[in-house]
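Visitor: Just so it is clear, I am handing over query_16.pdb, which has PDB, C-alpha atoms.
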ATOM      1  CA  MET A   1     183.260 158.929  61.381
ATOM      2  CA  GLN A   2     179.511 158.917  61.921
ATOM      3  CA  SER A   3     177.936 157.899  65.237
ATOM      4  CA  GLY A   4     177.415 154.155  65.558
ATOM      5  CA  SER A   5     179.928 153.403  62.809
ATOM      6  CA  GLN A   6     182.532 151.530  64.837
ATOM      7  CA  PHE A   7     181.824 148.307  62.937
ATOM      8  CA  ILE A   8     184.371 149.283  60.286
ATOM      9  CA  VAL A   9     188.036 149.898  61.124
ATOM     10  CA  ALA A  10     189.159 150.812  57.612
ATOM     11  CA  ALA A  11     186.884 152.355  55.011
ATOM     12  CA  LYS A  12     185.277 149.783  52.737
ATOM     13  CA  LYS A  13     185.999 150.456  49.085
ATOM     14  CA  VAL A  14     182.862 150.761  46.973
ATOM     15  CA  PHE A  15     182.616 150.455  43.190
ATOM     16  CA  ILE A  16     179.342 151.750  41.707
ATOM     17  CA  ALA A  17     178.621 149.957  38.418
ATOM     18  CA  ALA A  18     175.115 151.314  37.779
ATOM     19  CA  GLN A  19     173.430 154.693  37.776
ATOM     20  CA  LEU A  20     171.656 155.390  41.044
ATOM     21  CA  ASP A  21     170.102 158.406  42.680
ATOM     22  CA  PRO A  22     172.848 161.057  43.144
ATOM     23  CA  ARG A  23     171.900 161.259  46.816
ATOM     24  CA  PHE A  24     173.029 157.646  47.252
ATOM     25  CA  THR A  25     176.449 158.422  45.794
ATOM     26  CA  ALA A  26     176.735 161.577  47.887
ATOM     27  CA  ARG A  27     175.758 159.734  51.037
ATOM     28  CA  MET A  28     178.341 157.028  50.436
ATOM     29  CA  ALA A  29     181.008 159.598  49.617
ATOM     30  CA  ASN A  30     180.282 161.543  52.824
ATOM     31  CA  ASP A  31     180.326 158.472  55.057
ATOM     32  CA  ALA A  32     183.834 157.852  56.416
ATOM     33  CA  ARG A  33     183.050 154.147  56.659
ATOM     34  CA  PHE A  34     183.175 153.915  52.853
ATOM     35  CA  ALA A  35     185.449 155.084  50.057
ATOM     36  CA  LEU A  36     184.335 155.266  46.430
ATOM     37  CA  VAL A  37     186.797 153.762  43.960
ATOM     38  CA  GLU A  38     187.003 153.810  40.170
ATOM     39  CA  GLU A  39     188.584 150.390  39.704
ATOM     40  CA  LEU A  40     186.654 147.163  40.225
ATOM     41  CA  ALA A  41     189.866 145.411  41.259
ATOM     42  CA  GLU A  42     189.981 147.537  44.419
ATOM     43  CA  ALA A  43     186.358 147.038  45.401
ATOM     44  CA  GLU A  44     185.067 145.306  48.502
ATOM     45  CA  VAL A  45     181.496 146.380  47.718
ATOM     46  CA  LEU A  46     179.981 146.250  44.224
ATOM     47  CA  VAL A  47     176.839 148.320  43.698
ATOM     48  CA  THR A  48     174.801 147.230  40.697
ATOM     49  CA  ARG A  49     171.360 146.975  39.116
ATOM     50  CA  ALA A  50     169.580 144.400  36.968
ATOM     51  CA  HIS A  51     171.004 145.589  33.626
ATOM     52  CA  VAL A  52     174.603 144.922  34.750
ATOM     53  CA  ARG A  53     175.678 141.323  34.114
ATOM     54  CA  VAL A  54     177.737 140.255  37.119
ATOM     55  CA  THR A  55     179.455 137.245  35.589
ATOM     56  CA  ARG A  56     182.053 134.847  36.935
ATOM     57  CA  ALA A  57     184.672 136.730  34.923
ATOM     58  CA  MET A  58     183.588 140.044  36.428
ATOM     59  CA  LEU A  59     183.833 138.585  39.925
ATOM     60  CA  ALA A  60     187.289 137.219  39.115
ATOM     61  CA  ALA A  61     188.338 140.782  38.313
ATOM     62  CA  ALA A  62     187.344 141.815  41.856
ATOM     63  CA  PRO A  63     189.543 139.684  44.160
ATOM     64  CA  ARG A  64     188.720 141.711  47.289
ATOM     65  CA  LEU A  65     184.942 141.680  46.834
ATOM     66  CA  GLU A  66     182.833 140.940  49.943
ATOM     67  CA  LEU A  67     179.377 142.231  49.047
ATOM     68  CA  ILE A  68     177.206 142.758  45.966
ATOM     69  CA  ALA A  69     174.503 145.361  46.637
ATOM     70  CA  GLN A  70     171.773 145.076  44.009
ATOM     71  CA  GLY A  71     169.490 148.075  43.587
ATOM     72  CA  THR A  72     166.550 145.996  42.311
ATOM     73  CA  SER A  73     164.483 143.080  43.561
ATOM     74  CA  GLY A  74     165.584 140.375  41.112
ATOM     75  CA  THR A  75     169.164 139.100  41.129
ATOM     76  CA  ASP A  76     169.139 136.891  38.021
ATOM     77  CA  ASN A  77     171.824 139.116  36.464
ATOM     78  CA  ILE A  78     174.299 137.881  39.095
ATOM     79  CA  ASP A  79     176.194 134.591  38.884
ATOM     80  CA  ALA A  80     175.076 133.540  42.368
ATOM     81  CA  ALA A  81     176.993 130.254  42.259
ATOM     82  CA  ALA A  82     180.266 132.042  41.554
ATOM     83  CA  ALA A  83     179.530 134.500  44.355
ATOM     84  CA  ARG A  84     178.811 131.678  46.822
ATOM     85  CA  GLU A  85     182.066 129.940  45.940
ATOM     86  CA  ARG A  86     183.908 133.105  46.903
ATOM     87  CA  GLY A  87     181.831 133.769  50.001
ATOM     88  CA  ILE A  88     180.521 136.997  48.513
ATOM     89  CA  ALA A  89     177.215 138.100  50.032
ATOM     90  CA  ILE A  90     174.332 139.504  47.955
ATOM     91  CA  VAL A  91     171.732 141.981  49.178
ATOM     92  CA  SER A  92     168.830 143.245  47.092
ATOM     93  CA  LEU A  93     165.648 145.298  47.391
ATOM     94  CA  PRO A  94     162.548 143.135  46.922
ATOM     95  CA  GLY A  95     159.402 145.180  46.471
ATOM     96  CA  GLU A  96     160.958 148.654  46.335
ATOM     97  CA  ASN A  97     159.830 149.263  42.753
ATOM     98  CA  ALA A  98     156.485 147.456  43.056
ATOM     99  CA  ASN A  99     154.309 150.555  42.877
ATOM    100  CA  ALA A 100     156.111 151.964  39.833
ATOM    101  CA  VAL A 101     155.813 148.664  37.960
ATOM    102  CA  ALA A 102     152.161 148.203  38.893
ATOM    103  CA  GLU A 103     151.215 151.696  37.723
ATOM    104  CA  LEU A 104     152.776 151.112  34.309
ATOM    105  CA  VAL A 105     150.972 147.774  34.009
ATOM    106  CA  ILE A 106     147.653 149.528  34.600
ATOM    107  CA  GLY A 107     148.692 152.079  31.980
ATOM    108  CA  PHE A 108     149.380 149.257  29.521
ATOM    109  CA  MET A 109     145.935 147.809  30.223
ATOM    110  CA  LEU A 110     144.241 151.119  29.461
ATOM    111  CA  MET A 111     146.325 151.776  26.350
ATOM    112  CA  MET A 112     145.575 148.393  24.825
ATOM    113  CA  THR A 113     141.923 147.967  25.744
ATOM    114  CA  ARG A 114     141.011 151.501  24.637
ATOM    115  CA  THR A 115     143.356 151.336  21.577
ATOM    116  CA  ILE A 116     145.047 154.593  22.564
ATOM    117  CA  PRO A 117     148.141 154.066  20.346
ATOM    118  CA  ARG A 118     145.943 153.504  17.285
ATOM    119  CA  TYR A 119     143.919 156.647  17.910
ATOM    120  CA  THR A 120     147.147 158.585  18.421
ATOM    121  CA  GLU A 121     148.608 157.414  15.106
ATOM    122  CA  GLU A 122     145.392 158.162  13.229
ATOM    123  CA  LEU A 123     145.092 161.674  14.602
ATOM    124  CA  ARG A 124     148.729 162.422  13.827
ATOM    125  CA  SER A 125     148.074 161.379  10.217
ATOM    126  CA  GLY A 126     145.028 163.653  10.022
ATOM    127  CA  THR A 127     142.294 161.043  10.553
ATOM    128  CA  PHE A 128     139.616 161.938  13.119
ATOM    129  CA  ALA A 129     137.847 158.568  13.383
ATOM    130  CA  ARG A 130     135.626 157.883  16.374
ATOM    131  CA  ASP A 131     132.646 156.041  14.934
ATOM    132  CA  ASP A 132     133.706 152.720  16.466
ATOM    133  CA  CYS A 133     134.653 154.052  19.907
ATOM    134  CA  ALA A 134     131.652 152.359  21.569
ATOM    135  CA  THR A 135     133.152 148.976  20.695
ATOM    136  CA  ARG A 136     135.877 149.566  23.334
ATOM    137  CA  HIS A 137     135.254 148.243  26.838
ATOM    138  CA  GLU A 138     135.955 149.703  30.258
ATOM    139  CA  LEU A 139     138.419 147.760  32.380
ATOM    140  CA  ARG A 140     135.647 146.324  34.555
ATOM    141  CA  TYR A 141     134.549 144.278  31.536
ATOM    142  CA  TYR A 142     137.738 142.213  31.588
ATOM    143  CA  ARG A 143     139.052 139.258  33.564
ATOM    144  CA  LEU A 144     142.637 139.867  34.657
ATOM    145  CA  GLY A 145     144.981 136.942  35.251
ATOM    146  CA  ILE A 146     148.165 137.535  37.244
ATOM    147  CA  VAL A 147     151.036 135.050  37.067
ATOM    148  CA  GLY A 148     153.015 135.519  40.270
ATOM    149  CA  LEU A 149     151.456 137.223  43.283
ATOM    150  CA  GLY A 150     154.509 138.758  44.899
ATOM    151  CA  GLU A 151     154.891 142.436  45.756
ATOM    152  CA  VAL A 152     154.239 143.636  42.211
ATOM    153  CA  GLY A 153     151.455 141.161  41.484
ATOM    154  CA  ARG A 154     149.603 142.108  44.667
ATOM    155  CA  ARG A 155     149.907 145.815  43.859
ATOM    156  CA  VAL A 156     148.582 145.236  40.347
ATOM    157  CA  ALA A 157     145.650 143.302  41.828
ATOM    158  CA  ARG A 158     144.783 146.146  44.203
ATOM    159  CA  LEU A 159     144.983 148.843  41.536
ATOM    160  CA  ALA A 160     142.984 146.777  39.036
ATOM    161  CA  GLY A 161     140.377 146.091  41.695
ATOM    162  CA  ALA A 162     139.805 149.827  42.021
ATOM    163  CA  PHE A 163     138.642 149.785  38.379
ATOM    164  CA  GLY A 164     136.235 146.933  39.089
ATOM    165  CA  VAL A 165     138.352 144.363  37.276
ATOM    166  CA  ARG A 166     137.775 140.697  38.149
ATOM    167  CA  VAL A 167     141.205 139.512  39.260
ATOM    168  CA  SER A 168     142.520 135.938  39.462
ATOM    169  CA  ALA A 169     146.049 134.733  40.123
ATOM    170  CA  TYR A 170     148.255 131.680  39.866
ATOM    171  CA  ASP A 171     151.190 131.285  42.252
ATOM    172  CA  PRO A 172     152.033 127.853  43.675
ATOM    173  CA  TYR A 173     154.448 129.311  46.229
ATOM    174  CA  ILE A 174     152.114 131.450  48.326
ATOM    175  CA  ARG A 175     149.141 130.710  50.573
ATOM    176  CA  GLU A 176     147.535 134.122  51.069
ATOM    177  CA  PHE A 177     145.919 135.541  47.936
ATOM    178  CA  HIS A 178     144.866 138.847  49.519
ATOM    179  CA  GLY A 179     141.299 138.853  48.196
ATOM    180  CA  THR A 180     142.338 137.769  44.704
ATOM    181  CA  THR A 181     140.680 134.626  43.312
ATOM    182  CA  ARG A 182     143.126 131.735  43.501
ATOM    183  CA  VAL A 183     143.504 129.551  40.399
ATOM    184  CA  GLU A 184     145.087 126.134  40.917
ATOM    185  CA  SER A 185     146.905 125.765  37.593
ATOM    186  CA  LEU A 186     148.516 127.979  34.983
ATOM    187  CA  ASP A 187     146.411 126.390  32.247
ATOM    188  CA  ALA A 188     143.212 127.264  34.104
ATOM    189  CA  LEU A 189     144.362 130.851  34.545
ATOM    190  CA  LEU A 190     145.214 131.171  30.857
ATOM    191  CA  ALA A 191     141.821 129.880  29.746
ATOM    192  CA  SER A 192     139.982 132.350  31.984
ATOM    193  CA  SER A 193     142.021 135.542  31.381
ATOM    194  CA  ASP A 194     141.166 138.313  28.952
ATOM    195  CA  ILE A 195     144.284 140.143  30.140
ATOM    196  CA  LEU A 196     147.353 138.233  31.350
ATOM    197  CA  THR A 197     150.199 139.967  33.184
ATOM    198  CA  LEU A 198     153.462 138.313  34.215
ATOM    199  CA  HIS A 199     155.111 139.036  37.573
ATOM    200  CA  VAL A 200     157.499 136.183  38.314
ATOM    201  CA  PRO A 201     161.261 136.200  38.880
ATOM    202  CA  LEU A 202     163.487 134.631  36.264
ATOM    203  CA  THR A 203     164.425 131.086  37.301
ATOM    204  CA  ASN A 204     164.963 127.798  35.486
ATOM    205  CA  GLU A 205     161.289 127.077  36.171
ATOM    206  CA  THR A 206     159.954 130.354  34.787
ATOM    207  CA  ARG A 207     162.186 130.691  31.714
ATOM    208  CA  HIS A 208     159.829 130.665  28.693
ATOM    209  CA  MET A 209     156.943 129.636  30.948
ATOM    210  CA  ILE A 210     154.698 131.490  28.497
ATOM    211  CA  ALA A 211     155.476 130.094  25.052
ATOM    212  CA  ALA A 212     153.403 129.097  22.013
ATOM    213  CA  PRO A 213     151.391 126.325  23.776
ATOM    214  CA  GLN A 214     150.452 128.629  26.661
ATOM    215  CA  ILE A 215     149.657 131.538  24.338
ATOM    216  CA  ALA A 216     147.288 129.274  22.373
ATOM    217  CA  ARG A 217     145.286 128.637  25.570
ATOM    218  CA  LEU A 218     144.490 132.333  26.014
ATOM    219  CA  PRO A 219     141.126 133.400  24.591
ATOM    220  CA  PRO A 220     141.239 134.938  21.107
ATOM    221  CA  GLY A 221     141.623 138.695  21.401
ATOM    222  CA  ALA A 222     143.375 138.490  24.792
ATOM    223  CA  PHE A 223     145.943 141.047  25.937
ATOM    224  CA  LEU A 224     149.363 140.036  27.254
ATOM    225  CA  ILE A 225     151.699 142.153  29.403
ATOM    226  CA  ASN A 226     155.288 141.334  30.355
ATOM    227  CA  ALA A 227     156.945 143.675  32.844
ATOM    228  CA  ALA A 228     158.872 140.935  34.657
ATOM    229  CA  ARG A 229     161.878 139.586  32.729
ATOM    230  CA  GLY A 230     162.182 139.155  28.988
ATOM    231  CA  GLU A 231     163.194 135.525  29.286
ATOM    232  CA  VAL A 232     159.913 134.586  31.003
ATOM    233  CA  LEU A 233     158.087 135.040  27.691
ATOM    234  CA  ASP A 234     158.845 133.440  24.325
ATOM    235  CA  GLN A 235     158.922 136.793  22.577
ATOM    236  CA  PRO A 236     158.915 135.503  18.956
ATOM    237  CA  ALA A 237     155.893 133.341  19.765
ATOM    238  CA  ALA A 238     154.116 136.337  21.314
ATOM    239  CA  LEU A 239     154.846 138.554  18.308
ATOM    240  CA  ALA A 240     153.650 135.778  15.980
ATOM    241  CA  ALA A 241     150.392 135.538  17.953
ATOM    242  CA  LEU A 242     149.911 139.287  17.574
ATOM    243  CA  ALA A 243     150.546 139.101  13.820
ATOM    244  CA  ALA A 244     148.029 136.243  13.574
ATOM    245  CA  ASN A 245     145.427 138.365  15.435
ATOM    246  CA  HIS A 246     145.235 135.925  18.328
ATOM    247  CA  PHE A 247     146.126 138.837  20.597
ATOM    248  CA  GLY A 248     144.157 142.035  20.846
ATOM    249  CA  GLY A 249     147.291 143.677  22.178
ATOM    250  CA  LEU A 250     150.779 142.964  23.479
ATOM    251  CA  ALA A 251     152.705 145.156  25.932
ATOM    252  CA  LEU A 252     156.395 144.581  26.594
ATOM    253  CA  ASP A 253     158.636 146.474  28.986
ATOM    254  CA  VAL A 254     161.314 143.755  29.012
ATOM    255  CA  PHE A 255     162.995 141.825  26.221
ATOM    256  CA  ASP A 256     165.276 138.896  25.526
ATOM    257  CA  PRO A 257     167.911 140.111  24.875
ATOM    258  CA  GLU A 258     167.993 143.760  25.842
ATOM    259  CA  PRO A 259     167.928 145.855  23.805
ATOM    260  CA  PRO A 260     166.019 143.870  21.150
ATOM    261  CA  PRO A 261     168.445 143.094  18.288
ATOM    262  CA  ALA A 262     165.983 143.796  15.457
ATOM    263  CA  PRO A 263     163.345 146.458  14.868
ATOM    264  CA  LEU A 264     160.012 145.590  16.467
ATOM    265  CA  PRO A 265     156.870 145.430  14.310
ATOM    266  CA  HIS A 266     155.151 148.725  13.611
ATOM    267  CA  ASP A 267     151.759 147.747  14.985
ATOM    268  CA  PRO A 268     149.625 150.041  17.172
ATOM    269  CA  ARG A 269     148.502 146.987  19.117
ATOM    270  CA  LEU A 270     152.105 146.535  20.272
ATOM    271  CA  VAL A 271     153.032 148.792  23.212
ATOM    272  CA  VAL A 272     156.717 148.806  24.127
ATOM    273  CA  THR A 273     158.880 150.599  26.679
ATOM    274  CA  PRO A 274     162.651 150.191  27.308
ATOM    275  CA  HIS A 275     162.613 148.358  30.694
ATOM    276  CA  VAL A 276     161.382 151.405  32.583
ATOM    277  CA  ALA A 277     158.456 149.939  34.550
ATOM    278  CA  GLY A 278     160.365 150.065  37.830
ATOM    279  CA  CYS A 279     161.842 153.493  37.140
ATOM    280  CA  SER A 280     160.311 156.633  38.619
ATOM    281  CA  HIS A 281     161.595 159.629  40.547
ATOM    282  CA  GLU A 282     160.089 158.344  43.789
ATOM    283  CA  CYS A 283     161.309 154.799  43.221
ATOM    284  CA  LYS A 284     164.856 155.846  42.371
ATOM    285  CA  ALA A 285     165.097 157.968  45.518
ATOM    286  CA  ALA A 286     163.733 155.167  47.693
ATOM    287  CA  ILE A 287     166.114 152.627  46.161
ATOM    288  CA  GLY A 288     169.117 154.825  46.877
ATOM    289  CA  GLU A 289     168.078 155.276  50.487
ATOM    290  CA  ARG A 290     167.286 151.615  51.095
ATOM    291  CA  LEU A 291     170.413 150.355  49.359
ATOM    292  CA  TYR A 292     172.586 152.564  51.557
ATOM    293  CA  GLU A 293     170.810 151.163  54.623
ATOM    294  CA  LYS A 294     171.302 147.589  53.383
ATOM    295  CA  ILE A 295     175.044 148.082  52.943
ATOM    296  CA  VAL A 296     175.423 149.691  56.371
ATOM    297  CA  GLY A 297     173.274 146.957  57.920
ATOM    298  CA  PHE A 298     175.356 144.199  56.337
ATOM    299  CA  TYR A 299     178.570 145.454  57.895
ATOM    300  CA  ALA A 300     176.861 146.120  61.208
ATOM    301  CA  ARG A 301     175.830 142.453  61.338
ATOM    302  CA  THR A 302     179.158 141.046  60.215
ATOM    303  CA  SER A 303     181.488 143.216  62.268
TER     304      SER A 303
END
Could you spell out this file's structure in structure tokens?
Guide:
Amino acid sequence: MQSGSQFIVAAKKVFIAAQLDPRFTARMANDARFALVEELAEAEVLVTRAHVRVTRAMLAAAPRLELIAQGTSGTDNIDAAAARERGIAIVSLPGENANAVAELVIGFMLMMTRTIPRYTEELRSGTFARDDCATRHELRYYRLGIVGLGEVGRRVARLAGAFGVRVSAYDPYIREFHGTTRVESLDALLASSDILTLHVPLTNETRHMIAAPQIARLPPGAFLINAARGEVLDQPAALAALAANHFGGLALDVFDPEPPPAPLPHDPRLVVTPHVAGCSHECKAAIGERLYEKIVGFYARTS
């Protein structure tokens, strides 16, 4: 048993339900305080990520469960009420993937505003068309609106600021806007944003917070990015706005449901990725390390 590990008498049984960095699994396997198991029914610790739906039924299949260790920031995939009823604790990793998400958001901004997907498709089909390239603007031309100024939103604001972008944000739950211009209402932010990016957790309040009425308030030709949760955006309404040319571009990393049940439109103004914004080599390694520390810390506190 490792030094300082006296808080556990018998090894806690750990069921890993999501793919994590192999170093996390190895570290758990080599720590005598824990034992990896292959059956959920045996587990005292459930290790998961956002794509795993931890339902009431799943919890019922784990009668010994004490702790859910979530390897992402959001926990909306977990039936928190069912966990509370059982006295099951939940730990998560707010902010660990913020840099990875923010970098992809900046990439989306560049792809859409400079019409990179369209140029790519044209060149692949043998068309070398550049006569209209001077109609594209640099990022500093645009007004960026951020909905939700948490860890990811703040990182997006800092990175966008390096390009000279004018950044505003709406978040009624924070006081410090870290140099970003504060906007007092969502409607005001929508009306003043050439690019809108969503960075809120999924709650009853934020579900479909951007739907057809909100989309209509964005300026014609605006760009919309969703790298938060699919349910935050009314996806059919957003796709309809793109088809009607109200949007200059739409970038989606998340969907409702996932994966999308039908083929997405073949439109170079639509940029899509399969919920990978928070996934990078560096992020995955950091998540594995921090999640291990969270699990150890939980039992150190409760011993």
Visitor: Have a look at atom CA of A:Leu36 and atom CA of A:Gly278 and let me know their distance in Å, one decimal.
Guide: 26.0 Å
Visitor: Select, from A:Ala11, A:Pro260, A:Ala160, A:Asp267, the residue with the minimum atom-to-atom distance to A:Tyr299, counting only C-alpha atoms.
Guide: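 For A:Tyr299, the nearest of the given residues is A:Ala11.
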Visitor: Enumerate, as a count of residues only, the residues matched when the PyMOL selection byres ((chain A and resi 218-227) around 9) is run on the file above.
Guide: 45
Visitor: Could you list as a list in words every residue that has an atom within 12 Å of (143.7, 150.1, 45.8), using the file's coordinates and counting all atoms listed in the file?
Guide: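 Those residues lying close to the given coordinates are Asn99, Ala102, Glu103, Ile106, Arg154, Arg155, Val156, Ala157, Arg158, Leu159, Ala160, Gly161, Ala162, Phe163, Gly164, Val165, His178 and Gly179 of chain A.
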Visitor: Please check which residues have atoms at most 6 Å from (159.0, 129.4, 24.4) in the file's coordinates, counting all atoms listed in the file, and write them as a ChimeraX atom specification.
Guide: /A:208,211,234
Visitor: From the list A:Ala26, A:Ala212, A:Ala43, A:Val91, which residue is nearest A:Gly297 when using only C-alpha atoms?
Guide: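 Between A:Ala26, A:Ala212, A:Ala43, A:Val91, the residue approaching A:Gly297 most closely is A:Val91.
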Visitor: If I take atom CA of A:Arg140 and atom CA of A:Asp171, how far is one from the other in Å, to one decimal?
Guide: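 Rounded to one decimal, the two atoms are 23.0 Å apart.
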Visitor: Interatomic distance between atom CA of A:Pro236 and atom CA of A:Arg136?
Guide: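 Atom CA of A:Pro236 sits 27.3 Å away from atom CA of A:Arg136.
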Visitor: Out of A:Gly145, A:Pro263, A:Pro63, A:Gly288, which residue has the shortest atom-to-atom distance to A:Glu96 when counting only C-alpha atoms?
Guide: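 Of all the options, A:Gly288 lies closest to A:Glu96.
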Visitor: Find the residue from A:Ala285, A:Ile210, A:Ala240, A:Ile295 that sits nearest to A:Lys13; use only C-alpha atoms when measuring.
Guide: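 Of all the options, A:Ile295 lies closest to A:Lys13.
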Visitor: Using all atoms listed in the file, which residue out of A:Ile116, A:Ala60, A:Ala300, A:Ala244 lies closest to A:Arg130?
Guide: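 Nearest to A:Arg130: A:Ile116.
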Visitor: Which residue, A:Ile174, A:Ala82, A:Leu242, A:Ala18, has the smallest gap to A:Pro268 when you use all atoms listed in the file?
Guide: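 Looking at the shortest contact to A:Pro268, the residue is A:Leu242.
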Visitor: What's around A:Gly95 at 12 Å? Count all atoms listed in the file, leave out sequence neighbours fewer than 6 positions away in its own chain, and write the answer as a list of chain:residue names.
Guide: A:Gly71, A:Thr72, A:Ser73, A:Gly74, A:Val101, A:Ala102, A:Leu149, A:Gly150, A:Glu151, A:Val152, A:Gly153, A:Arg154, A:Arg155, A:His199, A:Pro201, A:Gly278, A:Cys283, A:Ala286, A:Ile287, A:Arg290
Visitor: Print the selection's residues with C-alpha atoms to a file, as a compact mmCIF listing (two decimals), keeping the file's coordinate frame.
Guide:
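Wrote part37.txt, looks like this:
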# COMPACT_ATOMS: atom_id res chain seq x y z
CA GLY A 71 169.49 148.07 43.59
CA THR A 72 166.55 146.00 42.31
CA SER A 73 164.48 143.08 43.56
CA GLY A 74 165.58 140.38 41.11
CA VAL A 101 155.81 148.66 37.96
CA ALA A 102 152.16 148.20 38.89
CA LEU A 149 151.46 137.22 43.28
CA GLY A 150 154.51 138.76 44.90
CA GLU A 151 154.89 142.44 45.76
CA VAL A 152 154.24 143.64 42.21
CA GLY A 153 151.46 141.16 41.48
CA ARG A 154 149.60 142.11 44.67
CA ARG A 155 149.91 145.82 43.86
CA HIS A 199 155.11 139.04 37.57
CA PRO A 201 161.26 136.20 38.88
CA GLY A 278 160.36 150.06 37.83
CA CYS A 283 161.31 154.80 43.22
CA ALA A 286 163.73 155.17 47.69
CA ILE A 287 166.11 152.63 46.16
CA ARG A 290 167.29 151.62 51.10
Visitor: Hey, what's within 9 Å of A:His51 if we count only C-alpha atoms and toss same-chain stuff fewer than 2 positions away? As an NGL selection string, please?
Guide: :A and (18 or 48-49 or 53 or 77 or 258)
Visitor: Where's the centre, and what are the edge lengths in Å to one decimal, of a box along x, y and z enclosing all listed atoms of stretch 225-244 of chain A padded 5 Å per side, as AutoDock Vina command-line options?
Guide:
--center_x 155.6 --center_y 138.5 --center_z 24.1 --size_x 25.2 --size_y 20.3 --size_z 31.1
Visitor: Can you tell me which residues surround A:Pro172 at a distance of at most 12 Å, considering all atoms listed in the file, apart from same-chain residues fewer than 5 positions away, and format the answer as a PyMOL selection string?
Guide: chain A and resi 147-150+177+182-186+200+205
